[in-house]
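As stored in work.pdb (PDB, C-alpha atoms and all ligand atoms):
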ATOM      1  CA  MET J   7       9.704  12.031  12.711
ATOM      2  CA  ALA J   8      10.618  12.486   9.051
ATOM      3  CA  ASP J   9       8.021  12.124   6.318
ATOM      4  CA  ALA J  10       8.460   9.357   3.735
ATOM      5  CA  ILE J  11       6.063  11.113   1.342
ATOM      6  CA  THR J  12       4.959  14.740   1.144
ATOM      7  CA  PHE J  13       2.244  16.419  -0.919
ATOM      8  CA  THR J  14       2.277  20.218  -1.185
ATOM      9  CA  ASN J  15      -0.770  21.927  -2.704
ATOM     10  CA  VAL J  16      -1.398  18.963  -5.004
ATOM     11  CA  SER J  17      -4.391  19.129  -7.320
ATOM     12  CA  LYS J  18      -5.453  16.732 -10.041
ATOM     13  CA  ILE J  19      -8.065  17.855 -12.512
ATOM     14  CA  TYR J  20      -9.614  15.690 -15.255
ATOM     15  CA  GLY J  21     -11.645  17.866 -17.607
ATOM     16  CA  ASP J  22     -13.888  19.775 -15.225
ATOM     17  CA  ALA J  23     -13.605  17.243 -12.377
ATOM     18  CA  THR J  24     -11.258  18.104  -9.503
ATOM     19  CA  VAL J  25     -10.272  14.672  -8.196
ATOM     20  CA  LEU J  26      -7.547  15.848  -5.786
ATOM     21  CA  ASN J  27      -8.224  19.292  -4.395
ATOM     22  CA  ASN J  28      -5.172  21.199  -3.154
ATOM     23  CA  LEU J  29      -3.834  18.485  -0.826
ATOM     24  CA  THR J  30      -0.990  19.213   1.594
ATOM     25  CA  PHE J  31       0.117  16.439   3.950
ATOM     26  CA  GLY J  32       2.975  14.144   4.935
ATOM     27  CA  ILE J  33       3.075  10.374   5.448
ATOM     28  CA  PRO J  34       5.346   9.699   8.438
ATOM     29  CA  GLU J  35       8.229   7.305   7.946
ATOM     30  CA  GLY J  36       8.137   4.015   9.826
ATOM     31  CA  GLN J  37       4.421   4.097  10.615
ATOM     32  CA  ILE J  38       1.203   2.585   9.267
ATOM     33  CA  THR J  39      -1.041   5.196   7.680
ATOM     34  CA  THR J  40      -4.423   4.376   6.182
ATOM     35  CA  ILE J  41      -6.317   6.439   3.644
ATOM     36  CA  LEU J  42     -10.034   5.896   4.069
ATOM     37  CA  GLY J  43     -12.876   7.184   1.981
ATOM     38  CA  PHE J  44     -15.961   6.217   0.030
ATOM     39  CA  SER J  45     -15.850   5.065  -3.556
ATOM     40  CA  GLY J  46     -14.722   7.883  -5.864
ATOM     41  CA  ALA J  47     -13.051   9.888  -3.071
ATOM     42  CA  GLY J  48      -9.723   9.898  -4.929
ATOM     43  CA  LYS J  49      -7.814   7.190  -3.006
ATOM     44  CA  SER J  50      -6.505   5.260  -6.006
ATOM     45  CA  THR J  51      -5.671   8.515  -7.802
ATOM     46  CA  LEU J  52      -3.610   9.572  -4.803
ATOM     47  CA  MET J  53      -1.774   6.219  -4.819
ATOM     48  CA  LYS J  54      -1.030   6.562  -8.542
ATOM     49  CA  HIS J  55       0.566   9.946  -7.891
ATOM     50  CA  ILE J  56       2.796   8.449  -5.212
ATOM     51  CA  LEU J  57       4.072   5.878  -7.713
ATOM     52  CA  GLY J  58       4.482   8.492 -10.436
ATOM     53  CA  LEU J  59       1.971   6.632 -12.620
ATOM     54  CA  THR J  60       0.228   9.943 -13.149
ATOM     55  CA  HIS J  61       1.291  13.534 -12.564
ATOM     56  CA  PRO J  62      -0.408  16.319 -10.624
ATOM     57  CA  THR J  63      -2.077  19.172 -12.502
ATOM     58  CA  SER J  64      -0.392  21.438  -9.952
ATOM     59  CA  GLY J  65       1.591  21.120  -6.762
ATOM     60  CA  LYS J  66       4.591  19.131  -5.639
ATOM     61  CA  ILE J  67       5.121  15.555  -4.467
ATOM     62  CA  THR J  68       8.261  14.219  -2.838
ATOM     63  CA  SER J  69       8.859  10.601  -1.998
ATOM     64  CA  LEU J  70      11.821   9.438   0.114
ATOM     65  CA  GLY J  71      13.300  12.885  -0.344
ATOM     66  CA  THR J  72      13.073  12.849  -4.143
ATOM     67  CA  ASP J  73      10.983  15.405  -6.045
ATOM     68  CA  MET J  74       8.929  13.157  -8.338
ATOM     69  CA  GLU J  75       9.015  15.758 -11.139
ATOM     70  CA  THR J  76      12.787  15.384 -11.443
ATOM     71  CA  LEU J  77      12.475  11.729 -12.536
ATOM     72  CA  ASP J  78      12.084  10.703 -16.178
ATOM     73  CA  GLU J  79      10.371   7.422 -17.184
ATOM     74  CA  LEU J  80      13.518   5.363 -16.620
ATOM     75  CA  GLY J  81      14.191   7.121 -13.313
ATOM     76  CA  LEU J  82      10.613   6.461 -12.231
ATOM     77  CA  ARG J  83      10.879   2.780 -13.058
ATOM     78  CA  GLU J  84      14.033   2.532 -10.989
ATOM     79  CA  PHE J  85      12.431   4.582  -8.217
ATOM     80  CA  ARG J  86       9.435   2.230  -7.971
ATOM     81  CA  ARG J  87      11.762  -0.465  -6.657
ATOM     82  CA  ASN J  88      11.499   1.392  -3.327
ATOM     83  CA  PHE J  89       7.872   0.272  -3.186
ATOM     84  CA  GLY J  90       6.350  -3.090  -2.352
ATOM     85  CA  MET J  91       2.809  -3.435  -3.611
ATOM     86  CA  VAL J  92       0.119  -5.777  -2.372
ATOM     87  CA  PHE J  93      -3.080  -5.798  -4.374
ATOM     88  CA  GLN J  94      -6.602  -6.792  -3.450
ATOM     89  CA  TYR J  95      -6.325 -10.011  -5.442
ATOM     90  CA  ALA J  96      -2.833 -11.326  -4.797
ATOM     91  CA  ALA J  97      -1.939 -10.940  -8.519
ATOM     92  CA  LEU J  98       0.484 -13.855  -8.529
ATOM     93  CA  PHE J  99       1.842 -15.496 -11.667
ATOM     94  CA  ASP J 100      -0.391 -18.600 -11.894
ATOM     95  CA  PHE J 101       2.177 -20.563 -13.905
ATOM     96  CA  LEU J 102       4.853 -20.207 -11.199
ATOM     97  CA  THR J 103       4.999 -22.006  -7.853
ATOM     98  CA  ALA J 104       4.761 -20.033  -4.625
ATOM     99  CA  PHE J 105       8.539 -20.268  -4.302
ATOM    100  CA  GLU J 106       9.147 -19.039  -7.855
ATOM    101  CA  ASN J 107       6.688 -16.179  -7.418
ATOM    102  CA  VAL J 108       8.715 -14.883  -4.479
ATOM    103  CA  ALA J 109      12.028 -15.588  -6.249
ATOM    104  CA  PHE J 110      10.863 -13.687  -9.346
ATOM    105  CA  PRO J 111      11.879 -10.118  -8.349
ATOM    106  CA  LEU J 112      15.198 -11.457  -7.015
ATOM    107  CA  ARG J 113      15.967 -13.170 -10.327
ATOM    108  CA  GLU J 114      14.777 -10.141 -12.287
ATOM    109  CA  PHE J 115      16.447  -7.330 -10.384
ATOM    110  CA  THR J 116      19.405  -8.749  -8.458
ATOM    111  CA  LYS J 117      22.521 -10.721  -9.289
ATOM    112  CA  LEU J 118      22.103 -13.127  -6.372
ATOM    113  CA  LYS J 119      23.393 -16.676  -6.840
ATOM    114  CA  GLU J 120      20.933 -19.579  -6.795
ATOM    115  CA  SER J 121      21.956 -20.542  -3.247
ATOM    116  CA  GLU J 122      21.441 -16.949  -2.081
ATOM    117  CA  ILE J 123      18.015 -16.813  -3.748
ATOM    118  CA  LYS J 124      17.041 -20.038  -1.966
ATOM    119  CA  ALA J 125      18.139 -18.609   1.381
ATOM    120  CA  LYS J 126      16.366 -15.279   0.822
ATOM    121  CA  VAL J 127      13.094 -16.872  -0.339
ATOM    122  CA  SER J 128      13.136 -19.260   2.641
ATOM    123  CA  GLU J 129      13.608 -16.313   4.976
ATOM    124  CA  LEU J 130      10.695 -14.404   3.360
ATOM    125  CA  MET J 131       8.449 -17.489   3.469
ATOM    126  CA  GLN J 132       9.177 -17.882   7.163
ATOM    127  CA  ALA J 133       8.486 -14.190   7.806
ATOM    128  CA  VAL J 134       4.955 -14.576   6.391
ATOM    129  CA  GLU J 135       4.556 -18.001   8.022
ATOM    130  CA  LEU J 136       4.193 -20.089   4.897
ATOM    131  CA  VAL J 137       5.109 -23.685   5.663
ATOM    132  CA  PRO J 138       7.630 -25.421   3.344
ATOM    133  CA  GLU J 139       4.990 -27.937   2.171
ATOM    134  CA  SER J 140       3.271 -25.076   0.312
ATOM    135  CA  TRP J 141       6.324 -23.632  -1.422
ATOM    136  CA  GLN J 142       6.187 -25.883  -4.477
ATOM    137  CA  ARG J 143       2.451 -25.435  -5.037
ATOM    138  CA  LEU J 144       0.894 -23.334  -7.773
ATOM    139  CA  PRO J 145      -1.307 -20.397  -6.714
ATOM    140  CA  SER J 146      -4.414 -22.375  -7.760
ATOM    141  CA  GLU J 147      -3.445 -25.005  -5.165
ATOM    142  CA  LEU J 148      -3.268 -22.465  -2.312
ATOM    143  CA  SER J 149      -6.024 -20.940  -0.181
ATOM    144  CA  GLY J 150      -6.834 -17.240  -0.560
ATOM    145  CA  GLY J 151      -5.032 -16.436   2.686
ATOM    146  CA  MET J 152      -1.919 -18.316   1.580
ATOM    147  CA  ARG J 153      -1.922 -16.512  -1.758
ATOM    148  CA  LYS J 154      -2.004 -13.224   0.162
ATOM    149  CA  ARG J 155       1.075 -14.346   2.085
ATOM    150  CA  VAL J 156       2.899 -15.234  -1.118
ATOM    151  CA  GLY J 157       2.001 -11.813  -2.548
ATOM    152  CA  LEU J 158       3.271 -10.151   0.604
ATOM    153  CA  ALA J 159       6.530 -12.149   0.597
ATOM    154  CA  ARG J 160       7.076 -11.211  -3.060
ATOM    155  CA  ALA J 161       6.416  -7.530  -2.327
ATOM    156  CA  LEU J 162       9.006  -7.661   0.463
ATOM    157  CA  ALA J 163      11.687  -9.451  -1.567
ATOM    158  CA  LEU J 164      13.587  -6.354  -2.668
ATOM    159  CA  GLU J 165      13.379  -4.805   0.810
ATOM    160  CA  PRO J 166      11.163  -1.866  -0.145
ATOM    161  CA  ARG J 167      11.181   1.318   1.901
ATOM    162  CA  ILE J 168       7.428   1.770   1.490
ATOM    163  CA  MET J 169       4.722  -0.896   1.396
ATOM    164  CA  LEU J 170       1.519   0.006  -0.413
ATOM    165  CA  TYR J 171      -1.597  -2.033   0.273
ATOM    166  CA  ASP J 172      -4.527  -1.379  -2.038
ATOM    167  CA  GLU J 173      -7.786  -2.582  -0.474
ATOM    168  CA  PRO J 174      -6.041  -5.457   1.310
ATOM    169  CA  THR J 175      -9.128  -6.712   3.129
ATOM    170  CA  SER J 176     -12.061  -5.851   0.912
ATOM    171  CA  GLY J 177     -14.020  -8.907  -0.151
ATOM    172  CA  LEU J 178     -12.474 -11.075   2.570
ATOM    173  CA  ASP J 179     -14.431 -12.891   5.267
ATOM    174  CA  PRO J 180     -13.894 -11.695   8.877
ATOM    175  CA  ILE J 181     -11.282 -14.362   9.688
ATOM    176  CA  SER J 182      -9.210 -13.660   6.574
ATOM    177  CA  THR J 183      -9.557  -9.932   7.238
ATOM    178  CA  GLN J 184      -8.071 -10.511  10.692
ATOM    179  CA  VAL J 185      -5.241 -12.619   9.253
ATOM    180  CA  VAL J 186      -4.329 -10.038   6.610
ATOM    181  CA  SER J 187      -4.562  -7.207   9.151
ATOM    182  CA  ASP J 188      -2.197  -9.090  11.456
ATOM    183  CA  LEU J 189       0.193  -9.680   8.543
ATOM    184  CA  ILE J 190       0.361  -5.950   7.798
ATOM    185  CA  VAL J 191       1.124  -5.152  11.435
ATOM    186  CA  ASP J 192       3.635  -8.023  11.779
ATOM    187  CA  THR J 193       5.418  -6.949   8.601
ATOM    188  CA  ALA J 194       5.671  -3.393   9.895
ATOM    189  CA  LYS J 195       7.047  -4.674  13.222
ATOM    190  CA  GLN J 196       9.564  -7.044  11.622
ATOM    191  CA  ASN J 197      10.862  -4.147   9.510
ATOM    192  CA  ALA J 198      10.613  -1.425  12.136
ATOM    193  CA  GLN J 199      14.373  -1.135  12.531
ATOM    194  CA  ARG J 200      14.785  -0.103   8.904
ATOM    195  CA  LYS J 201      11.768   2.231   9.259
ATOM    196  CA  LEU J 202       9.496   0.552   6.735
ATOM    197  CA  THR J 203       6.584   2.858   5.943
ATOM    198  CA  SER J 204       3.171   1.264   5.319
ATOM    199  CA  LEU J 205       0.417   3.000   3.384
ATOM    200  CA  VAL J 206      -2.944   1.289   3.235
ATOM    201  CA  ILE J 207      -5.928   2.219   1.079
ATOM    202  CA  SER J 208      -9.180   0.944   2.418
ATOM    203  CA  HIS J 209     -12.834   1.457   3.012
ATOM    204  CA  ASP J 210     -12.860  -1.058   5.831
ATOM    205  CA  VAL J 211     -13.113   1.224   8.859
ATOM    206  CA  ARG J 212     -12.936  -1.510  11.532
ATOM    207  CA  ALA J 213      -9.783  -3.142  10.111
ATOM    208  CA  SER J 214      -8.201   0.294   9.624
ATOM    209  CA  LEU J 215      -8.790   1.395  13.201
ATOM    210  CA  ARG J 216      -7.181  -1.827  14.400
ATOM    211  CA  ILE J 217      -3.952  -1.674  12.409
ATOM    212  CA  SER J 218      -3.142   1.993  11.750
ATOM    213  CA  ASP J 219      -1.056   4.600  13.518
ATOM    214  CA  ASN J 220      -2.660   7.390  11.466
ATOM    215  CA  ILE J 221      -5.840   7.721   9.448
ATOM    216  CA  MET J 222      -6.659  10.132   6.654
ATOM    217  CA  PHE J 223     -10.247  10.463   5.522
ATOM    218  CA  LEU J 224     -10.692  11.692   1.975
ATOM    219  CA  GLU J 225     -13.936  12.957   0.520
ATOM    220  CA  LYS J 226     -14.282  14.375  -2.986
ATOM    221  CA  GLY J 227     -10.540  14.924  -3.222
ATOM    222  CA  LYS J 228     -10.276  16.809   0.055
ATOM    223  CA  ILE J 229      -8.926  15.787   3.451
ATOM    224  CA  VAL J 230     -11.790  15.767   5.946
ATOM    225  CA  GLU J 231      -9.680  14.470   8.831
ATOM    226  CA  TYR J 232      -6.074  13.378   9.238
ATOM    227  CA  SER J 233      -4.912  12.320  12.659
ATOM    228  CA  THR J 234      -3.759   9.511  14.892
ATOM    229  CA  VAL J 235      -6.198   6.641  15.305
ATOM    230  CA  GLN J 236      -7.180   7.984  18.705
ATOM    231  CA  GLY J 237      -7.782  11.447  17.285
ATOM    232  CA  PHE J 238      -9.837   9.940  14.493
ATOM    233  CA  LYS J 239     -12.022   7.968  16.899
ATOM    234  CA  ASN J 240     -12.612  11.135  18.924
ATOM    235  CA  SER J 241     -13.304  13.354  15.921
ATOM    236  CA  ASN J 242     -16.202  15.765  16.229
ATOM    237  CA  ASN J 243     -16.513  16.088  12.478
ATOM    238  CA  PRO J 244     -20.064  14.966  11.555
ATOM    239  CA  VAL J 245     -18.826  13.250   8.371
ATOM    240  CA  ILE J 246     -16.383  11.145  10.414
ATOM    241  CA  ARG J 247     -18.945  10.430  13.114
ATOM    242  CA  ARG J 248     -21.386   9.158  10.497
ATOM    243  CA  PHE J 249     -18.646   7.060   8.880
ATOM    244  CA  LEU J 250     -17.659   5.535  12.220
ATOM    245  CA  GLU J 251     -21.247   4.550  12.898
ATOM    246  CA  LEU J 252     -21.644   2.667   9.609
TER
HETATM  247  N1  LIG S 301      -8.162   8.837 -15.691
HETATM  248  C1  LIG S 301      -9.264   9.425 -15.241
HETATM  249  N2  LIG S 301      -9.980  10.265 -16.024
HETATM  250  C2  LIG S 301     -11.085  10.869 -15.567
HETATM  251  N3  LIG S 301     -11.571  10.732 -14.318
HETATM  252  C3  LIG S 301     -10.912   9.904 -13.500
HETATM  253  C4  LIG S 301      -9.728   9.215 -13.892
HETATM  254  N4  LIG S 301      -9.288   8.488 -12.851
HETATM  255  C5  LIG S 301     -10.158   8.687 -11.841
HETATM  256  N5  LIG S 301     -11.140   9.552 -12.235
HETATM  257  C6  LIG S 301     -12.247  10.007 -11.382
HETATM  258  O1  LIG S 301     -11.709  10.451 -10.164
HETATM  259  C7  LIG S 301     -12.569  10.133  -9.064
HETATM  260  C8  LIG S 301     -11.773   9.403  -8.005
HETATM  261  O2  LIG S 301     -11.384   8.125  -8.488
HETATM  262  P1  LIG S 301     -10.495   7.103  -7.671
HETATM  263  O3  LIG S 301     -10.355   5.891  -8.499
HETATM  264  O4  LIG S 301      -9.272   7.782  -7.228
HETATM  265  O5  LIG S 301     -11.445   6.826  -6.422
HETATM  266  P2  LIG S 301     -11.285   5.791  -5.217
HETATM  267  O6  LIG S 301     -11.373   6.588  -3.973
HETATM  268  O7  LIG S 301     -10.089   4.952  -5.432
HETATM  269  O8  LIG S 301     -12.592   4.907  -5.352
HETATM  270  P3  LIG S 301     -12.823   3.328  -5.086
HETATM  271  O9  LIG S 301     -13.009   3.173  -3.625
HETATM  272  O10 LIG S 301     -14.102   3.040  -5.835
HETATM  273  O11 LIG S 301     -11.648   2.573  -5.641
HETATM  274  C9  LIG S 301     -13.726   9.347  -9.651
HETATM  275  O12 LIG S 301     -14.808  10.210  -9.805
HETATM  276  C10 LIG S 301     -13.200   8.883 -10.989
HETATM  277  O13 LIG S 301     -14.234   8.750 -11.917
HETATM  278 MG    MG S 302      -9.786   2.897  -5.770
END
Can the structure from this file be put into structure tokens for me?
Amino acid sequence: MADAITFTNVSKIYGDATVLNNLTFGIPEGQITTILGFSGAGKSTLMKHILGLTHPTSGKITSLGTDMETLDELGLREFRRNFGMVFQYAALFDFLTAFENVAFPLREFTKLKESEIKAKVSELMQAVELVPESWQRLPSELSGGMRKRVGLARALALEPRIMLYDEPTSGLDPISTQVVSDLIVDTAKQNAQRKLTSLVISHDVRASLRISDNIMFLEKGKIVEYSTVQGFKNSNNPVIRRFLEL
């Protein structure tokens, strides 16, 4: 199994704080990998490195076979089109309908004709199970769960190779957490043939155990454990055991 992303001896130091401490790992292509850790562990910093929004103090990062250091600002912007991002709060444009939110990246980045945009948006809406009655509504007229679906459909519009989910379930009630978890798994399954890689950042241990193939636990910028879900559940590491019992 090839790796979609690799870190080799990556450190990030701010002043005298080592936020990422000599990390070496790979994120396998076509699987769902979750990075877990308490607040301040370095999860968001790690995600920013993957997107090239910040650069390591030392070490090397490759993403989809490209050495991130070889890309200039323009190259990075182009490169980020390989990523679909779903944020904690759906981050939709409130002045655009659900349909137009999903059409936005297609209008912005492709030369598709209006009829092709219609067909593509309809297909994406169906994939996330958003009924046609909701397509012409503004985000303020949709439930939280529906907004999540619109955000997911929009993230998928340009057929990204890697989906990034930043805290997709935090702040959600148990039912919505289940719905969003199912959406992540369904999206991965629907795009399994083209080996879509999913990377989730979370501190929701229950949801993570349910959806992931692999789990990495970060603490103070170091990897405490990185294994399959089964391996994680069976870990003898006292830090992991304590975390699992929370
Ligand atoms: N630009 C920065 N300058 C200085 N320190 C930073 C910067 N960005 C992050 N840090 C520090 O790095 C550490 C890790 O932050 P990060 O945001 O990656 O944590 P996190 O695991 O995402 O936490 P949370 O779960 O709260 O989102 C924190 O101590 C934070 O204060
Ligand atoms: Mg964070």
Using 12 Å as the limit and counting only C-alpha atoms, can you tabulate each residue of stretch 12-45 of chain J that touches stretch 187-191 of chain J, with its shortest atom-to-atom distance in Å and the two atoms involved, as a Markdown table?
| residue | atom | partner | partner_atom | distance |
| --- | --- | --- | --- | --- |
| J:Gly36 | CA | J:Val191 | CA | 11.7 |
| J:Gln37 | CA | J:Val191 | CA | 9.9 |
| J:Ile38 | CA | J:Val191 | CA | 8.0 |
| J:Thr39 | CA | J:Val191 | CA | 11.2 |
| J:Thr40 | CA | J:Ile190 | CA | 11.5 |
Writing out the chosen residues with C-alpha atoms as a compact mmCIF listing (two decimals), in the frame of the given file:
# COMPACT_ATOMS: atom_id res chain seq x y z
CA GLY J 36 8.14 4.01 9.83
CA GLN J 37 4.42 4.10 10.62
CA ILE J 38 1.20 2.58 9.27
CA THR J 39 -1.04 5.20 7.68
CA THR J 40 -4.42 4.38 6.18
>> To test your reading of the syntax: which residues would the PyMOL selection byres (((chain J and resi 163) around 8) and not hetatm) return for the file shown? Reply as a ChimeraX atom specification.
In response: /J:108-109,111-112,126-127,130,159-162,164-166
Please report, as a tab-separated table, each residue of chain J lying at most 10 Å from ligand MG 302 (chain S), together with the nearest pair of atoms and the separation in Å rounded to one decimal; use all atoms listed in the file, and order rows by chain and ascending residue number.
residue	atom	partner	partner_atom	distance
J:Gly43	CA	S:MG302	MG	9.4
J:Phe44	CA	S:MG302	MG	9.1
J:Ser45	CA	S:MG302	MG	6.8
J:Gly46	CA	S:MG302	MG	7.0
J:Ala47	CA	S:MG302	MG	8.2
J:Gly48	CA	S:MG302	MG	7.1
J:Lys49	CA	S:MG302	MG	5.5
J:Ser50	CA	S:MG302	MG	4.1
J:Thr51	CA	S:MG302	MG	7.3
J:Leu52	CA	S:MG302	MG	9.1
J:Met53	CA	S:MG302	MG	8.7
J:Lys54	CA	S:MG302	MG	9.9
J:Asp172	CA	S:MG302	MG	7.7
J:Glu173	CA	S:MG302	MG	7.9
J:Ile207	CA	S:MG302	MG	7.9
J:Ser208	CA	S:MG302	MG	8.4
J:His209	CA	S:MG302	MG	9.4
All file atoms of stretch 119-122 of chain J boxed axis-aligned, 4 Å per side, centre plus edges, as lines of an AutoDock Vina configuration file:
center_x = 22.2
center_y = -18.6
center_z = -4.5
size_x = 10.5
size_y = 11.9
size_z = 12.8
> Could you state the separation of atom CA of J:Thr175 and atom CA of J:Asp210 in Å, given to one decimal place?
Replying inline: 7.3 Å
> What do you get, as a ChimeraX atom specification, if you spell out every residue that the PyMOL selection byres (((chain J and resi 79-83) around 12) and not hetatm) selects here?
Replying inline: /J:55-61,69,72-78,84-89,115
>> For a quick check of understanding, using all atoms listed in the file, which of J:Tyr232, J:Leu252, J:Asp192, J:Leu170 has the smallest distance to J:Leu29?
In response: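 Among the listed residues, the smallest separation from J:Leu29 belongs to J:Tyr232.
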>> So that I can see what lies close to J:Arg212, please list as a list in words the residues with an atom at most 12 Å from it, counting all atoms listed in the file and leaving out residues fewer than 3 positions away in the same chain.
In response: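 Final neighbour list, sorted by chain and number: Thr40, Leu42, Thr175, Ser176, Pro180, Thr183, Gln184, Ser187, Ser208, His209, Leu215, Arg216, Ile217, Ser218, Ile221, Val235, Lys239, Phe249, Leu250, Glu251 and Leu252 of chain J.
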> To one decimal place, how far is atom CA of J:Lys226 from atom CA of J:Leu178 in Å?
Replying inline: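 Separation of atom CA of J:Lys226 and atom CA of J:Leu178: 26.1 Å.
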> For ligand LIG 301 (chain S), which residue among J:Gly237, J:Gly227, J:Pro244, J:Gly150 is the nearest when counting all atoms listed in the file?
Replying inline: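 Looking only at the distances to ligand LIG 301 (chain S), the closest residue turns out to be J:Gly227.
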Within 9 Å of J:Arg143, counting all atoms listed in the file, which residues show up once you throw out same-chain ones fewer than 6 positions away? Write them as a compact mmCIF listing (two decimals) with C-alpha atoms, keeping the file's coordinate frame, please.
# COMPACT_ATOMS: atom_id res chain seq x y z
CA LEU J 102 4.85 -20.21 -11.20
CA THR J 103 5.00 -22.01 -7.85
CA ALA J 104 4.76 -20.03 -4.62
CA PHE J 105 8.54 -20.27 -4.30
> Written as a PyMOL selection string, what is the full residue list that the PyMOL selection byres (((chain J and resi 93) around 9) and not hetatm) yields on the file shown?
Replying inline: chain J and resi 91-92+94-97+154+157+170-174
File dump, residues just selected, C-alpha atoms, as a PDB file, keeping the file's coordinate frame:
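Contents of again_5.pdb, freshly written:
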ATOM      1  CA  MET J  91       2.809  -3.435  -3.611  1.00  0.00           C
ATOM      2  CA  VAL J  92       0.119  -5.777  -2.372  1.00  0.00           C
ATOM      3  CA  GLN J  94      -6.602  -6.792  -3.450  1.00  0.00           C
ATOM      4  CA  TYR J  95      -6.325 -10.011  -5.442  1.00  0.00           C
ATOM      5  CA  ALA J  96      -2.833 -11.326  -4.797  1.00  0.00           C
ATOM      6  CA  ALA J  97      -1.939 -10.940  -8.519  1.00  0.00           C
ATOM      7  CA  LYS J 154      -2.004 -13.224   0.162  1.00  0.00           C
ATOM      8  CA  GLY J 157       2.001 -11.813  -2.548  1.00  0.00           C
ATOM      9  CA  LEU J 170       1.519   0.006  -0.413  1.00  0.00           C
ATOM     10  CA  TYR J 171      -1.597  -2.033   0.273  1.00  0.00           C
ATOM     11  CA  ASP J 172      -4.527  -1.379  -2.038  1.00  0.00           C
ATOM     12  CA  GLU J 173      -7.786  -2.582  -0.474  1.00  0.00           C
ATOM     13  CA  PRO J 174      -6.041  -5.457   1.310  1.00  0.00           C
TER      14      PRO J 174
END
>> As an exercise, work out the distance from atom CA of J:Asn243 to atom CA of J:Lys228 in Å and give it to one decimal place.
In response: 13.9 Å
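The smallest atom-to-atom distance between J:Val230 and any of J:Met7, J:Ile41, J:Val16, J:Ala213, using all atoms listed in the file, is found for J:Ile41.
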> Of the candidates J:Gly151, J:Gly21, J:Pro145, J:Pro34, which one gets nearest to ligand LIG 301 (chain S) if we count only C-alpha atoms and all ligand atoms?
Replying inline: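 Between J:Gly151, J:Gly21, J:Pro145, J:Pro34, the residue approaching ligand LIG 301 (chain S) most closely is J:Gly21.
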